[in-house]
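Note sheet for the following structure.
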Amino acid sequence: MRRTIMLAYDSPLGPMTLAAEDGEGLPAGGAIIGVWFDGQRRDRAGLDGGTVIAEPGSDDEPVVLKRARSWLDRYFAGEEPEQPPALAARGTDFQQRVWAQLRTIPYGSTRTYGQIADAVEAQTGHRCSARAVGGAVGRNPISIIVPCHRVVGADGSLTGYAAGTDRKTRLLRLEGVRLPDLGVDQDGLPGL
């Protein structure tokens, strides 16, 4: 039997919720099923009322949530974290393919929706549009660890981030990404 465990995480960009499942068919210690900024679009999508609330560092916190907190701590400290914790996002086959492409975007880099569509098309042999990729990226339930914030418009614009473009801008700056001059002030936002 599986159980879902959630806990609060205090990030420099606002409160977040982390969710994991443990039990049958999952790696020992569980797998992350969600990382959301509280209040973002699709915040905690797919979680049911049978969720256990854990306190960070408590005995009922699964190993995978401890690893996720440690990973996020390093990330927000400006370090490139090592291997992410086990992940088990729920989604369609197409969404899974797009999310797998997101995980290939290196720290400090960006890709366009079109580039991801081309990669999915090359992998499957089926036509794929940037718009369809945008829909899948917008439904990514594991923010930051599955780096949907690294996806930009064809002109480099910071479009479509469920937690807001302000956070997207700050996450990219944290990684050292030089943003194009598209009316976005390079130095106007406070750092982390």
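Identifiers in the structure tokens: chain A, B, ... in order shown; residue index from 1 per chain; ligand index from 1 in order shown.
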Spatial neighbours of A:Glu80, 9 Å, only C-alpha atoms, chain gap at least 6 places, as a JSON list (two decimals) with C-alpha atoms, in the first residue's frame:
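Result file follows (part_8.json):
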```json
[["chain", "number", "residue", "atom", "x", "y", "z"],
["A", 74, "ARG", "CA", 22.11, 23.43, -1.86],
["A", 107, "TYR", "CA", 22.21, 23.96, -14.63],
["A", 108, "GLY", "CA", 22.81, 27.53, -15.82],
["A", 175, "GLU", "CA", 22.06, 29.78, -11.83]]
```
Please identify all polymer residues within 8 Å of A:Gln40, counting only C-alpha atoms, omitting same-chain residues fewer than 5 positions from it, and present them as a short mmCIF file (atom, residue, chain, number, x, y, z; two decimals) with all heavy atoms, in the first residue's frame.
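The resulting out-v1.cif:
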```cif
data_model
loop_
_atom_site.label_atom_id
_atom_site.label_comp_id
_atom_site.auth_asym_id
_atom_site.auth_seq_id
_atom_site.Cartn_x
_atom_site.Cartn_y
_atom_site.Cartn_z
N ALA A 162 4.46 28.59 -13.80
CA ALA A 162 3.32 28.46 -12.90
C ALA A 162 3.48 29.26 -11.61
O ALA A 162 2.51 29.69 -11.01
CB ALA A 162 3.05 26.99 -12.57
N ALA A 163 4.72 29.47 -11.18
CA ALA A 163 4.98 30.20 -9.94
C ALA A 163 5.27 31.68 -10.19
O ALA A 163 5.63 32.40 -9.28
CB ALA A 163 6.14 29.57 -9.18
N GLY A 164 5.12 32.12 -11.45
CA GLY A 164 5.30 33.53 -11.79
C GLY A 164 6.66 33.83 -12.40
O GLY A 164 7.66 33.20 -12.06
#
```
Backbone-only DSSP, alpha helix (DSSP H) members of stretch 9-134 of chain A, as a PyMOL selection string: chain A and resi 63-76+93-102+113-124+130-134
Under the rule of at most 9 Å, produce a per-residue listing of stretch 62-154 of chain A near stretch 7-16 of chain A: chain, number, name, the closest pair of atoms, and the distance in Å, as CSV, using only C-alpha atoms.
```
residue,atom,partner,partner_atom,distance
A:Leu65,CA,A:Leu7,CA,8.1
A:Arg69,CA,A:Tyr9,CA,7.3
A:Leu72,CA,A:Ser11,CA,8.2
A:Asp73,CA,A:Ser11,CA,8.2
A:Phe76,CA,A:Pro12,CA,7.2
```
9 Å contact set for A:Val64, only C-alpha atoms, chain neighbours under 3 positions out, as number ranges by chain: A: 20-22, 28-32, 61, 67-69, 85-87
Nearby residues (only C-alpha atoms) at most 12 Å from A:Arg139, same-chain spacing under 4 positions excluded, as a PyMOL selection string: chain A and resi 34-36+40-46+89-92+94-96+98-99+132-135+143+146+148+160-163
Two-atom distance - atom CA of A:Ala154, atom CA of A:Lys168 (Å): 16.1 Å
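If you measure from each of A:Thr110, A:Asn140, A:Ser58, A:Ser70 to A:Thr169 using only C-alpha atoms, the closest one turns out to be A:Thr110.
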Atomic distance atom CA of A:Ile145 - atom CA of A:Thr159, expressed in Å with one decimal: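 Atom CA of A:Thr159 lies 18.9 Å from atom CA of A:Ile145.
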Nearest candidate to A:Val151 (options A:Ala77, A:Ala136, A:Cys128, A:Ile53; using only C-alpha atoms): A:Ala136
Strand (DSSP E) residues, from DSSP on the backbone, in stretch 69-183 of chain A, as a count of residues only: 4
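Atom pair atom CA of A:Ser109 / atom CA of A:Arg170: separated by 13.8 Å.
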Would you list the contacts of A:Ala122 as a PDB file with N, CA, C and O atoms, in the first residue's frame, taking every protein, DNA or RNA residue within 12 Å and counting only C-alpha atoms, but skipping same-chain residues closer than 6 positions in sequence?
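Output below, filename out_34.pdb:
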```pdb
ATOM      1  N   ARG A  97       7.609  12.391 -21.356  1.00  0.00           N
ATOM      2  CA  ARG A  97       8.691  12.621 -22.328  1.00  0.00           C
ATOM      3  C   ARG A  97       9.210  14.059 -22.238  1.00  0.00           C
ATOM      4  O   ARG A  97      10.410  14.300 -22.273  1.00  0.00           O
ATOM      5  N   GLN A 101      12.913  15.512 -20.918  1.00  0.00           N
ATOM      6  CA  GLN A 101      13.735  16.483 -21.644  1.00  0.00           C
ATOM      7  C   GLN A 101      14.142  17.642 -20.735  1.00  0.00           C
ATOM      8  O   GLN A 101      15.266  18.143 -20.820  1.00  0.00           O
ATOM      9  N   GLN A 115      12.896  23.879 -29.110  1.00  0.00           N
ATOM     10  CA  GLN A 115      14.003  22.917 -29.017  1.00  0.00           C
ATOM     11  C   GLN A 115      13.552  21.630 -28.316  1.00  0.00           C
ATOM     12  O   GLN A 115      13.937  20.533 -28.706  1.00  0.00           O
ATOM     13  N   ILE A 116      12.731  21.771 -27.286  1.00  0.00           N
ATOM     14  CA  ILE A 116      12.229  20.595 -26.593  1.00  0.00           C
ATOM     15  C   ILE A 116      11.275  19.819 -27.505  1.00  0.00           C
ATOM     16  O   ILE A 116      11.330  18.591 -27.573  1.00  0.00           O
ATOM     17  N   CYS A 128       5.569  17.183 -33.130  1.00  0.00           N
ATOM     18  CA  CYS A 128       5.379  17.759 -31.802  1.00  0.00           C
ATOM     19  C   CYS A 128       5.473  19.278 -31.918  1.00  0.00           C
ATOM     20  O   CYS A 128       6.407  19.797 -32.521  1.00  0.00           O
TER      21      CYS A 128
END
```
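Using only C-alpha atoms, the shortest contact distance between A:Val63 and any of A:Ala88, A:Ala100, A:Ile5, A:Val177 is found at A:Ile5.
Residue nearest A:Leu26, chosen from A:Leu174, A:Val137, A:Met1, A:Leu179 and counting only C-alpha atoms: A:Met1.
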